[in-house]
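Okay, structure first, notes after.
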Amino acid sequence: MKAAKPKLTFADVGADGQARLLDMSYGRLVTGVSTVPISGVAFGYWQYSLGLNPHGMWLWTLSYLLAGVAVRLQHVQYRRDRDQYSSEQTLGKWLPIVNRVAVLHGLGLAATGVITAGRVPFEFTLLQAVIITAILAANASQLSPVLGIYRRFANAAWLPCMAIAPWAFPDHWLLVLPLSGVMLFTLDRQALVSHGFFLTQIKLEEDSAKLAENYRLAKDEAEAALRAKNQFLTTASHDLRQPVHAMGFLIESISRRNQEPALQPALQDLQQSVQSITQMFNSLLDLSRIELGAQPVNLQTVALDPLMSGVATLFREEARSRQIDLRVRLSGGRALVTADAMLLRQSMINLMQNALRYTQSGGVLMAVRRRGSDWQFEVWDTGVGIAEDDQQRIYSPFFRPEHAWRIDNAGHGLGLAVVARCADLMAASQGLSSREGRGSRFWLRLPAAAQITEQRPAAREQNLLLAEHGETLGGRCLVIDDEPQVRNAWQALLSAWGVETACAASANEALGLLDGGFEPQAIFCDQRLRSGESGFELLQALLERCPEAAGAMISGEFDSPALAQAEQEGYLVLHKPLDPVALYALLSRLLPAVASNYS
């Protein structure tokens with residue numbers, strides 16, 4: 001048998017809740033004391049009209065009028081104390097006072113019966129009893145927020161009336177007396193039920209407030225952790241980018257030096273892997289910038305098909321390992337939109353992650369279709385779906401629907417919030433349709449853009465062709481970087497391109513190379529050097545010594561004041577990991593070309 005749920009008591013609610021209950025009971029008590037004299041005027045006039053002496057009733061009415069004024073002034077002081085003191089202090093001072101007022105109010109009501117008992121007609125006494133009963137019945141609900149206040153009032157009012165019943169009802173007191181006892185008990189049960197209702201409401205509000213506070217604290221902690229993570233990524237981006245930067249250069253150098261056909265597929269796979277790592281790494285840091293509110297929006301014409309194909313490649317192996325059918329429906333090259341490529345790609349990735357995370361079996365479809373003057377990117381899944389009540393909150397940060405807690409690796413409720421933020425930044429619209437247990441469809445709608453004029457061959461492909469099989473570069477290049485691994489990568493790559501290269505780890509080494517007769521035509525300087533020197537100041541000093549040379553800053557940071565100053569003053573700033581093809585294109589303009597040794 002299920003155990004009965006324990007009943008709430010006044011002590012079960014907090015001090016603030018108890019003080020609120022006292023507010024309600026005391027306010028009703030003040031109203032009752034202030035309005036009772038109206039009945040005294042009516043009964044006094046009735047006595048006078050019957051030719052009876054109404055002096056006792058007039059005195060009672062006057063006394064209650066004065067009591068009403070006193071109680072209202074007292075209540076003003078109570079409100080001041082509520083504003084000034086804590087709930088515990090208010091309860092300690094005023095609960096005994098209010099209890100005494102309740103007793104005096106009850107005795108005051110009983111006094112009307114004592115004044116008139118045996119001196120007025122039966123009808124007069126009966127009406128008095130009915131009115132006192134009605135007042136008790138009303139207060140059984142209205143004074144019950146603090147049950148002790150009601151019980152003191154009811155006992156003080158009703159027990160004296162029961163005691164004088166033989167005088168007030170000399171012919172009927174044997175019937176009136178047990179009925180009065182039953183009435184007192186019944187009203188007490190009513191007050192008890194009403195008191196329980198007030199306690200339940202206060203307790204629910206307190207529990208809700210605690211839940212809200214716990215949610216706020218958890219949300220603040222999560223946001224603080226998010227800020228700390230983003231700040232770490234932003235601050236540590238220089239060191240995190242170094243190995244990826246060096247890896248890309250070394251693979252390009254190996255590819256340049258090894259023309260063995262059997263090695264080419266493996267080298268191309270390595271190059272593709274480095275490009276994928278670079279893209280994902282850039283996306284991670286860019287997402288941190290979005291979440292920190294530091295991401296500029298660059299709206300341009302973006303082709304959806306290549307983006308979708310790239311995103312599908314990222315998730316195809318995961319879908320295959322989980323036996324989920326991943327399909328992509330492209331536009332045949334027709335889908336061109338106005339968007340920020342990075343924000344759009346991040347949104348696609350988040351939507352795909354969300355679809356795969358909540359799909360245990362079945363499939364995921366990524367599609368694009370025309371919608372009027374817009375293109376709509378969609379992700380369909382056959383996952384757990386979203387309840388209708390949760391669909392309005394699904395894009396809120398840190399919100400996770402109930403079913404998410406039952407799924408391993410269900411995320412932290414940020415993926416869709418980032419999608420919504422990205423959509424807002426691009427002035428795009430997003431939405432969803434879902435049936436619980438059947439799956440979901442999320443979409444992004446973006447304005448169509450004008451057709452891009454094809455360039456044959458594309459700039460990157462042309463540069464890549466030149467880097468692999470075209471002209472060999474010449475000239476001299478000076479590189480300053482404090483990481484030996486990165487310096488070795490620079491040396492290997494530039495030497496493979498035919499560039500005479502000198503590398504230094506500090507300002508002293510770089511200036512020493514110049515003093516030794518090395519005359520660079522291009523200078524690349526890392527921003528953050530272990531010696532504590534400013535890369536920007538060093539680049540300026542080197543260019544002053546070599547006015548014919550071109551120079552550029554290389555950095556893994558984005559928000560450095562020194563980099564911002566360098567860009568404002570017209571210096572070229574390149575970010576790690578640097579694409580070897582982009583570097584080759586830059587050097588082909590800065591350095592002289594010599595005849596190719598490859599054909």
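To be explicit about the labels: the chains of the structure tokens are called A, B, and onward in the order shown, and within each one the residues are counted from 1, while ligands get numbers from 1 in the order they are shown.
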**Item:** Close residues, range 9-13 of chain A itself excluded, 8 Å, only C-alpha atoms, min 3 positions apart in chain, as an NGL selection string
**Value:** :A and (17-18 or 146 or 196 or 199 or 202-203 or 206)
**Item:** Members of range 527-590 of chain A assigned helix (DSSP H, G or I) by DSSP, as number ranges by chain
**Value:** A: 535-545, 561-568, 580-590
**Item:** Residue contacts of range 518-529 of chain A (9 Å, only C-alpha atoms) excluding same-chain residues fewer than 6 positions away, as number ranges by chain
**Value:** A: 238, 475-483, 500-502, 505-506, 535-536, 538-539, 542-543, 546, 548-557, 562-563, 587, 590-591
**Item:** Interatomic distance (Å, one decimal) between CA of Ala134 in chain A and CA of Thr200 in chain A
**Value:** 26.0 Å
**Message:** So, with only C-alpha atoms as the atoms that count, which of A:Arg369, A:Glu252, A:Trp380, A:Arg357 lies closest to Asp305 in chain A?
**Reply:**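 Checking each of A:Arg369, A:Glu252, A:Trp380, A:Arg357 against Asp305 in chain A, counting only C-alpha atoms, the winner is A:Arg369.
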**Who sits within 9 Å of range 354-356 of chain A, only C-alpha atoms, same chain under 6 positions skipped, as a ChimeraX atom specification** = /A:315,318-319,324,363-364,379-383,410-411,415-416,439-442
Store the residues picked out above in a file with C-alpha atoms, as a PDB file, in the first residue's frame.
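Resulting contents of out.pdb:
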ATOM      1  CA  PHE A 315      29.868  12.723 -40.917  1.00  0.00           C
ATOM      2  CA  GLU A 318      30.108   8.127 -38.243  1.00  0.00           C
ATOM      3  CA  ALA A 319      26.833   7.388 -40.022  1.00  0.00           C
ATOM      4  CA  ILE A 324      22.537   5.120 -40.405  1.00  0.00           C
ATOM      5  CA  GLY A 363      18.504   7.733 -41.868  1.00  0.00           C
ATOM      6  CA  VAL A 364      19.490  11.376 -42.150  1.00  0.00           C
ATOM      7  CA  VAL A 379      18.260  18.313 -42.486  1.00  0.00           C
ATOM      8  CA  TRP A 380      15.754  15.471 -42.025  1.00  0.00           C
ATOM      9  CA  ASP A 381      16.120  12.634 -39.525  1.00  0.00           C
ATOM     10  CA  THR A 382      14.177   9.626 -38.283  1.00  0.00           C
ATOM     11  CA  GLY A 383      15.167  10.225 -34.663  1.00  0.00           C
ATOM     12  CA  ALA A 410      23.419  14.206 -25.862  1.00  0.00           C
ATOM     13  CA  GLY A 411      25.370  17.441 -25.859  1.00  0.00           C
ATOM     14  CA  GLY A 415      24.315  23.391 -30.895  1.00  0.00           C
ATOM     15  CA  LEU A 416      20.910  24.679 -31.968  1.00  0.00           C
ATOM     16  CA  GLY A 439      11.739  12.380 -36.453  1.00  0.00           C
ATOM     17  CA  SER A 440      12.462  16.043 -37.187  1.00  0.00           C
ATOM     18  CA  ARG A 441      13.205  18.462 -39.998  1.00  0.00           C
ATOM     19  CA  PHE A 442      15.363  21.532 -39.351  1.00  0.00           C
TER      20      PHE A 442
END
**Item:** Nearest candidate to His195 in chain A (options A:Met24, A:Ala339, A:Leu177, A:Val499; using only C-alpha atoms)
**Value:**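 Using only C-alpha atoms, the shortest distance to His195 in chain A belongs to A:Met24.
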**Item:** Pick from A:Thr359, A:Ser141, A:Arg80, A:Phe377, whichever lies nearest to Val328 in chain A using only C-alpha atoms
**Value:**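 For Val328 in chain A, the nearest of the given residues is A:Phe377.
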**Fill in**
With distances taken over only C-alpha atoms, the candidate from A:Ala541, A:Leu299, A:Ile131, A:Leu586 nearest Ile38 in chain A is A:Ile131
